[in-house]
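Heads up, the thing below is written out as structure tokens.
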Number of protein chains: 2
Amino acid sequence: MARTQGSHSDITGPRIRKAALGLFARHGYAAVSMRQIAAEVGVQAGALYNYTPDKQSLLFHLMHEHMQELLSAYGELTQPENAFEALHQFVRFHIRFHLERPDEVFIAYMELRNLTPENFSEIEALRRKYEDALEAILRKGQGAALFDIADTKVATLAVIAMLNGVMTWYRAGGRLSLDEVEQNYWDMVRRSVSA
Amino acid sequence: MARTQGSHSDITGPRIRKAALGLFARHGYAAVSMRQIAAEVGVQAGALYNYTPDKQSLLFHLMHEHMQELLSAYGELTQPENAFEALHQFVRFHIRFHLERPDEVFIAYMELRNLTPENFSEIEALRRKYEDALEAILRKGQGAALFDIADTKVATLAVIAMLNGVMTWYRAGGRLSLDEVEQNYWDMVRRSVSA
DNA sequence: GTCTATAGCGTGATAGAC
DNA sequence: GTCTATCACGCTATAGAC
């Protein structure tokens, strides 16, 4: 399987990131060595440094790309005028997007402390932008008397935390279908903020 | 500060666990060395092995003790007959207990993958017992028509996930008092499951 | 019970051949 | 672009003096 010689600039890079993604998610950034990543790709450890200046950049790249994709995917949705519908769309989007990327999500939440301070700030800013999108919906619905929320910031974080919980237990092919899961969470989120 | 000789069997053990707790919470189990823990306690690395057979046992001990305390503290509460009141008590207990032990909670959630399979199973069983306590409340309230829940298992995990979210942002002395935080979350939890 | 010293190994990253 | 070889260092855990 693994070639021992030759040029693969176009495919080795993605394969390294994919291997790092899986290993970081499974064992944690600090517990994974560059040699392990190289072995999974089928190259020697030194070859990795043709694609990343260091291990930290590998982690940052994965997290940054994930957050950018999250924001751009959500940004492409057309926002319903009605805040109630907008919240419904957010809930469905959040669950579906995150369940499709378990490794990326896991890393984005668990490995924040292994980023350098500069890298941490950058990722944190992106995460904040996503939270702000939800908070804007809650504020709008509160203004329209659709919602009854004591504190929109707390509610924003509570809703996201509740939705993130689905990652810890949902497995495709389990007792509940994805649609049923979405319906379950939407029922709870809707009622938790409704007037 | 650090003694260089002498006997301290009665105090060094707890100090090691306390140092490990803080370092594991801040930097992660895999990223913390026995030398770092020893330095914080003020002894040499070799001395740690008078108190723990290895690093893994240190982690397991911290997580196991935390889960035991959680279960015993909750078990000491007198359970209200009314499921609505029982849920209210659970929410307040969960928030208060967890906010009092940020390091222990952080480790209990983040370091599960760094446990050996045997140790993982043991911790997981304790966590499951705690979840079962909440699920029993939801089932009881559902039976009494106090709650309207599509799936009690999903609701159990959703409520705990929502409540755990408070750990990521609450800081004593911040904008909201502990009582206000409890009230906010209780409002949301109550409505999310109410008939 | 703590120390010093060290065994045995793994780490991230680099140099130079091909 | 990948290889082999290596540097310089850190790691867990142990041995034996005190």
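Going through the structure tokens in order, the chains are called A, B, and so on, while each chain numbers its residues from 1 and the ligands are numbered from 1 in the order shown.
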Using only C-alpha atoms (C1' of nucleotides), tabulate the residues of chain D lying at most 9 Å from any atom of chain B, each with its closest atom pair and that distance in Å to one decimal, by chain and increasing residue number, as a tab-separated table.
```
residue	atom	partner	partner_atom	distance
D:DC11	C1'	B:Ser33	CA	7.4
D:DT12	C1'	B:Met34	CA	7.8
D:DA13	C1'	B:Asp54	CA	8.0
D:DT14	C1'	B:Gly46	CA	8.5
```
Using only C-alpha atoms, find each residue of chain B with at least one atom at most 10 Å away from an atom of chain A; report its shortest atom-to-atom pair and that distance in Å (one decimal), sort the rows by chain and rising residue number, and return the result as CSV.
```
residue,atom,partner,partner_atom,distance
B:Ala25,CA,A:Arg113,CA,9.9
B:Arg26,CA,A:Arg113,CA,7.7
B:His27,CA,A:Arg113,CA,6.7
B:Gly28,CA,A:Ala30,CA,8.1
B:Tyr29,CA,A:Ala30,CA,8.7
B:Ala30,CA,A:Ala31,CA,5.6
B:Ala31,CA,A:Ala30,CA,5.6
B:Val32,CA,A:Ala30,CA,9.3
B:Tyr109,CA,A:Met110,CA,9.8
B:Met110,CA,A:Met110,CA,7.0
B:Glu111,CA,A:Gly28,CA,9.4
B:Arg113,CA,A:His27,CA,6.7
B:Asn114,CA,A:His27,CA,7.5
B:Asp148,CA,A:Met188,CA,9.9
B:Ile149,CA,A:Met188,CA,8.5
B:Ala150,CA,A:Asn184,CA,6.6
B:Asp151,CA,A:Asn184,CA,7.4
B:Val154,CA,A:Asn184,CA,7.6
B:Ala155,CA,A:Met188,CA,8.0
B:Leu157,CA,A:Gly165,CA,6.8
B:Ala158,CA,A:Met162,CA,5.1
B:Val159,CA,A:Met162,CA,6.8
B:Ile160,CA,A:Met162,CA,7.8
B:Ala161,CA,A:Met162,CA,5.0
B:Met162,CA,A:Met162,CA,4.2
B:Leu163,CA,A:Ala158,CA,7.3
B:Asn164,CA,A:Ala161,CA,7.5
B:Gly165,CA,A:Ala161,CA,5.2
B:Val166,CA,A:Ala158,CA,7.4
B:Thr168,CA,A:Leu157,CA,9.0
B:Trp169,CA,A:Leu157,CA,8.5
B:Tyr170,CA,A:Val154,CA,9.6
B:Leu176,CA,A:Val154,CA,9.8
B:Glu180,CA,A:Ala150,CA,9.7
B:Val181,CA,A:Val154,CA,8.3
B:Gln183,CA,A:Ala150,CA,9.2
B:Asn184,CA,A:Ala150,CA,6.6
B:Tyr185,CA,A:Ala158,CA,7.9
B:Trp186,CA,A:Ser192,CA,9.8
B:Asp187,CA,A:Ser192,CA,7.5
B:Met188,CA,A:Ser192,CA,4.5
B:Val189,CA,A:Ser192,CA,6.5
B:Arg190,CA,A:Ser192,CA,7.5
B:Arg191,CA,A:Ser192,CA,4.9
B:Ser192,CA,A:Ser192,CA,4.3
B:Val193,CA,A:Met188,CA,6.7
B:Ser194,CA,A:Arg191,CA,8.3
B:Ala195,CA,A:Arg191,CA,9.9
```
How close does chain C get to chain B? List, as a Markdown table, each residue of chain C within 9 Å, its nearest atom pair and the distance in Å to one decimal, counting only C-alpha atoms (C1' of nucleotides).
```
| residue | atom | partner | partner_atom | distance |
| --- | --- | --- | --- | --- |
| C:DG1 | C1' | B:Ser7 | CA | 5.0 |
| C:DT2 | C1' | B:Gln5 | CA | 5.8 |
| C:DC3 | C1' | B:Gln5 | CA | 7.4 |
```
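Put simply, CA of Asp103 in chain B is 26.9 Å away from CA of Gly22 in chain A.
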Close residues, Leu178 in chain B itself excluded, 12 Å, only C-alpha atoms (C1' of nucleotides), min 4 positions apart in chain, as JSON, numbers by chain: {"B": [92, 93, 95, 96, 97, 98, 99, 100, 166, 167, 170, 171, 172, 173, 174, 182, 183, 184, 185]}
Same residues, N, CA and C atoms, output as a PDB file, in the first residue's frame:
```pdb
ATOM      1  N   ARG B  92     -30.982  22.559  40.193  1.00  0.00           N
ATOM      2  CA  ARG B  92     -30.209  23.388  41.134  1.00  0.00           C
ATOM      3  C   ARG B  92     -28.986  22.635  41.662  1.00  0.00           C
ATOM      4  N   PHE B  93     -29.182  21.367  42.006  1.00  0.00           N
ATOM      5  CA  PHE B  93     -28.060  20.569  42.508  1.00  0.00           C
ATOM      6  C   PHE B  93     -26.970  20.456  41.460  1.00  0.00           C
ATOM      7  N   ILE B  95     -26.174  22.288  38.805  1.00  0.00           N
ATOM      8  CA  ILE B  95     -25.441  23.525  38.544  1.00  0.00           C
ATOM      9  C   ILE B  95     -24.499  23.860  39.697  1.00  0.00           C
ATOM     10  N   ARG B  96     -25.026  23.796  40.905  1.00  0.00           N
ATOM     11  CA  ARG B  96     -24.224  24.205  42.056  1.00  0.00           C
ATOM     12  C   ARG B  96     -23.050  23.250  42.298  1.00  0.00           C
ATOM     13  N   PHE B  97     -23.345  21.951  42.242  1.00  0.00           N
ATOM     14  CA  PHE B  97     -22.284  20.972  42.492  1.00  0.00           C
ATOM     15  C   PHE B  97     -21.167  21.108  41.465  1.00  0.00           C
ATOM     16  N   HIS B  98     -21.541  21.274  40.210  1.00  0.00           N
ATOM     17  CA  HIS B  98     -20.522  21.315  39.165  1.00  0.00           C
ATOM     18  C   HIS B  98     -19.748  22.623  39.162  1.00  0.00           C
ATOM     19  N   LEU B  99     -20.428  23.726  39.440  1.00  0.00           N
ATOM     20  CA  LEU B  99     -19.715  25.007  39.450  1.00  0.00           C
ATOM     21  C   LEU B  99     -18.727  25.093  40.617  1.00  0.00           C
ATOM     22  N   GLU B 100     -18.973  24.282  41.645  1.00  0.00           N
ATOM     23  CA  GLU B 100     -18.043  24.279  42.785  1.00  0.00           C
ATOM     24  C   GLU B 100     -16.777  23.472  42.491  1.00  0.00           C
ATOM     25  N   VAL B 166     -23.160  25.541  31.272  1.00  0.00           N
ATOM     26  CA  VAL B 166     -22.904  26.659  32.195  1.00  0.00           C
ATOM     27  C   VAL B 166     -21.444  26.707  32.636  1.00  0.00           C
ATOM     28  N   MET B 167     -20.814  25.534  32.634  1.00  0.00           N
ATOM     29  CA  MET B 167     -19.406  25.459  33.066  1.00  0.00           C
ATOM     30  C   MET B 167     -18.478  26.248  32.145  1.00  0.00           C
ATOM     31  N   TYR B 170     -19.683  30.481  33.011  1.00  0.00           N
ATOM     32  CA  TYR B 170     -19.950  31.119  34.301  1.00  0.00           C
ATOM     33  C   TYR B 170     -18.678  31.364  35.107  1.00  0.00           C
ATOM     34  N   ARG B 171     -18.558  32.576  35.614  1.00  0.00           N
ATOM     35  CA  ARG B 171     -17.473  32.888  36.534  1.00  0.00           C
ATOM     36  C   ARG B 171     -18.050  33.657  37.710  1.00  0.00           C
ATOM     37  N   ALA B 172     -17.694  33.258  38.906  1.00  0.00           N
ATOM     38  CA  ALA B 172     -18.165  33.959  40.099  1.00  0.00           C
ATOM     39  C   ALA B 172     -17.794  35.435  39.996  1.00  0.00           C
ATOM     40  N   GLY B 173     -18.733  36.284  40.393  1.00  0.00           N
ATOM     41  CA  GLY B 173     -18.474  37.720  40.331  1.00  0.00           C
ATOM     42  C   GLY B 173     -18.762  38.324  38.974  1.00  0.00           C
ATOM     43  N   GLY B 174     -19.337  37.528  38.061  1.00  0.00           N
ATOM     44  CA  GLY B 174     -19.654  38.037  36.737  1.00  0.00           C
ATOM     45  C   GLY B 174     -20.980  38.795  36.723  1.00  0.00           C
ATOM     46  N   GLU B 182     -29.117  29.891  38.070  1.00  0.00           N
ATOM     47  CA  GLU B 182     -29.984  28.743  38.353  1.00  0.00           C
ATOM     48  C   GLU B 182     -31.412  29.003  37.870  1.00  0.00           C
ATOM     49  N   GLN B 183     -31.886  30.210  38.109  1.00  0.00           N
ATOM     50  CA  GLN B 183     -33.252  30.564  37.703  1.00  0.00           C
ATOM     51  C   GLN B 183     -33.387  30.529  36.178  1.00  0.00           C
ATOM     52  N   ASN B 184     -32.382  31.071  35.486  1.00  0.00           N
ATOM     53  CA  ASN B 184     -32.381  31.068  34.025  1.00  0.00           C
ATOM     54  C   ASN B 184     -32.469  29.645  33.467  1.00  0.00           C
ATOM     55  N   TYR B 185     -31.613  28.787  33.971  1.00  0.00           N
ATOM     56  CA  TYR B 185     -31.583  27.421  33.444  1.00  0.00           C
ATOM     57  C   TYR B 185     -32.836  26.648  33.838  1.00  0.00           C
TER      58      TYR B 185
END
```
If DSSP is run on the backbone, what residues of range 2-190 of chain A are helix (DSSP H, G or I)? A reply as a VMD selection string would be ideal. chain A and resid 9 to 27 29 to 31 34 to 41 45 to 50 55 to 75 83 to 99 102 to 110 112 to 114 117 to 143 152 to 168 178 to 190
With C-alpha atoms retained, export the selected residues as a compact mmCIF listing (two decimals), in the first residue's frame.
```txt
# COMPACT_ATOMS: atom_id res chain seq x y z
CA SER A 9 2.63 16.49 -3.74
CA ASP A 10 -0.96 16.65 -4.88
CA ILE A 11 -2.34 13.85 -2.74
CA THR A 12 -0.04 13.53 0.26
CA GLY A 13 -1.07 16.86 1.76
CA PRO A 14 -4.77 15.99 2.06
CA ARG A 15 -3.95 12.51 3.26
CA ILE A 16 -1.80 13.93 6.05
CA ARG A 17 -4.60 16.22 7.20
CA LYS A 18 -7.10 13.39 7.06
CA ALA A 19 -4.86 11.09 9.08
CA ALA A 20 -4.15 13.81 11.62
CA LEU A 21 -7.86 14.54 11.89
CA GLY A 22 -8.73 10.98 12.76
CA LEU A 23 -5.84 10.46 15.15
CA PHE A 24 -6.32 13.78 16.96
CA ALA A 25 -10.03 13.05 17.38
CA ARG A 26 -9.43 9.53 18.67
CA HIS A 27 -6.43 9.98 20.92
CA TYR A 29 -3.51 16.13 19.93
CA ALA A 30 -0.97 15.79 22.72
CA ALA A 31 -1.05 12.01 22.65
CA MET A 34 4.19 12.91 14.07
CA ARG A 35 5.49 9.37 13.53
CA GLN A 36 1.99 7.95 14.05
CA ILE A 37 0.54 10.36 11.51
CA ALA A 38 3.29 9.54 9.03
CA ALA A 39 2.76 5.80 9.51
CA GLU A 40 -0.96 6.14 8.76
CA VAL A 41 -0.17 8.04 5.56
CA ALA A 45 8.03 11.36 9.67
CA GLY A 46 10.43 13.78 8.00
CA ALA A 47 8.24 13.94 4.89
CA LEU A 48 5.42 15.55 6.83
CA TYR A 49 7.44 18.73 7.09
CA ASN A 50 7.10 19.29 3.37
CA LYS A 55 2.55 19.94 14.49
CA GLN A 56 0.77 22.98 15.87
CA SER A 57 0.04 24.31 12.39
CA LEU A 58 -1.49 20.98 11.49
CA LEU A 59 -3.95 21.29 14.36
CA PHE A 60 -4.70 24.93 13.67
CA HIS A 61 -5.30 24.28 9.99
CA LEU A 62 -7.87 21.58 10.78
CA MET A 63 -9.75 23.71 13.28
CA HIS A 64 -9.67 26.84 11.15
CA GLU A 65 -10.96 25.07 8.08
CA HIS A 66 -13.78 23.52 10.07
CA MET A 67 -14.92 26.83 11.51
CA GLN A 68 -14.75 28.54 8.13
CA GLU A 69 -16.87 25.82 6.59
CA LEU A 70 -19.38 26.08 9.43
CA LEU A 71 -19.77 29.83 8.95
CA SER A 72 -19.88 29.72 5.18
CA ALA A 73 -22.40 26.84 5.10
CA TYR A 74 -24.67 28.66 7.51
CA GLY A 75 -24.18 31.92 5.63
CA ALA A 83 -37.57 34.44 13.97
CA PHE A 84 -39.41 31.28 14.89
CA GLU A 85 -38.67 29.79 11.48
CA ALA A 86 -35.10 31.07 11.64
CA LEU A 87 -34.58 29.24 14.93
CA HIS A 88 -36.05 26.09 13.46
CA GLN A 89 -33.64 26.34 10.55
CA PHE A 90 -30.71 26.93 12.91
CA VAL A 91 -31.52 23.85 14.96
CA ARG A 92 -31.81 21.61 11.92
CA PHE A 93 -28.67 23.05 10.34
CA HIS A 94 -26.61 22.75 13.51
CA ILE A 95 -27.53 19.13 14.16
CA ARG A 96 -27.06 18.01 10.58
CA PHE A 97 -23.82 19.89 9.94
CA HIS A 98 -22.21 18.68 13.14
CA LEU A 99 -23.33 15.07 12.86
CA PRO A 102 -17.88 14.19 14.16
CA ASP A 103 -14.08 14.28 14.10
CA GLU A 104 -13.83 17.95 13.19
CA VAL A 105 -16.36 18.92 15.84
CA PHE A 106 -14.67 16.85 18.49
CA ILE A 107 -11.32 18.47 17.80
CA ALA A 108 -12.80 21.96 17.63
CA TYR A 109 -14.16 21.54 21.16
CA MET A 110 -11.48 19.44 22.83
CA LEU A 112 -8.74 24.53 22.05
CA ARG A 113 -6.30 24.44 24.94
CA ASN A 114 -3.58 22.97 22.77
CA PRO A 117 -2.58 31.91 22.29
CA GLU A 118 -2.61 33.58 18.87
CA ASN A 119 -4.22 30.60 17.17
CA PHE A 120 -6.70 30.26 20.01
CA SER A 121 -7.86 33.84 19.59
CA GLU A 122 -8.46 33.33 15.90
CA ILE A 123 -10.56 30.19 16.38
CA GLU A 124 -12.42 31.73 19.28
CA ALA A 125 -13.40 34.71 17.14
CA LEU A 126 -14.94 32.40 14.54
CA ARG A 127 -16.82 30.45 17.17
CA ARG A 128 -18.10 33.72 18.56
CA LYS A 129 -19.41 34.76 15.15
CA TYR A 130 -21.47 31.58 14.97
CA GLU A 131 -22.91 32.14 18.44
CA ASP A 132 -23.77 35.69 17.48
CA ALA A 133 -25.88 34.42 14.58
CA LEU A 134 -28.04 32.45 17.00
CA GLU A 135 -28.21 35.27 19.50
CA ALA A 136 -29.45 37.61 16.76
CA ILE A 137 -32.33 35.23 16.08
CA LEU A 138 -33.24 35.04 19.75
CA ARG A 139 -33.14 38.83 20.13
CA LYS A 140 -35.29 39.32 17.09
CA GLY A 141 -37.87 36.81 18.28
CA GLN A 142 -37.82 38.35 21.73
CA GLY A 143 -38.52 41.76 20.20
CA THR A 152 -30.43 36.02 25.40
CA LYS A 153 -26.72 35.39 25.95
CA VAL A 154 -27.41 32.60 28.44
CA ALA A 155 -30.11 31.18 26.19
CA THR A 156 -27.76 31.22 23.20
CA LEU A 157 -25.14 29.20 25.03
CA ALA A 158 -27.74 26.90 26.55
CA VAL A 159 -29.29 26.07 23.18
CA ILE A 160 -25.92 25.39 21.57
CA ALA A 161 -24.83 23.26 24.52
CA MET A 162 -28.03 21.24 24.33
CA LEU A 163 -27.66 20.68 20.60
CA ASN A 164 -24.00 19.74 20.92
CA GLY A 165 -25.04 16.99 23.30
CA VAL A 166 -26.40 15.04 20.36
CA MET A 167 -22.83 14.39 19.23
CA THR A 168 -22.05 12.29 22.27
CA LEU A 178 -31.86 11.73 11.95
CA ASP A 179 -35.26 13.29 11.26
CA GLU A 180 -36.61 12.03 14.57
CA VAL A 181 -33.59 13.38 16.41
CA GLU A 182 -34.03 16.78 14.78
CA GLN A 183 -37.71 16.78 15.71
CA ASN A 184 -36.93 15.85 19.31
CA TYR A 185 -34.41 18.63 19.77
CA TRP A 186 -36.53 21.16 17.97
CA ASP A 187 -39.45 20.38 20.29
CA MET A 188 -37.26 21.00 23.31
CA VAL A 189 -35.48 24.10 21.99
CA ARG A 190 -38.72 25.63 20.78
```
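One distance worth recording is that between C1' of DA13 in chain C and CA of Leu115 in chain A, which is 18.6 Å.
Our summary of the geometry notes that C1' of DA17 in chain C is positioned 10.8 Å from C1' of DT2 in chain D.
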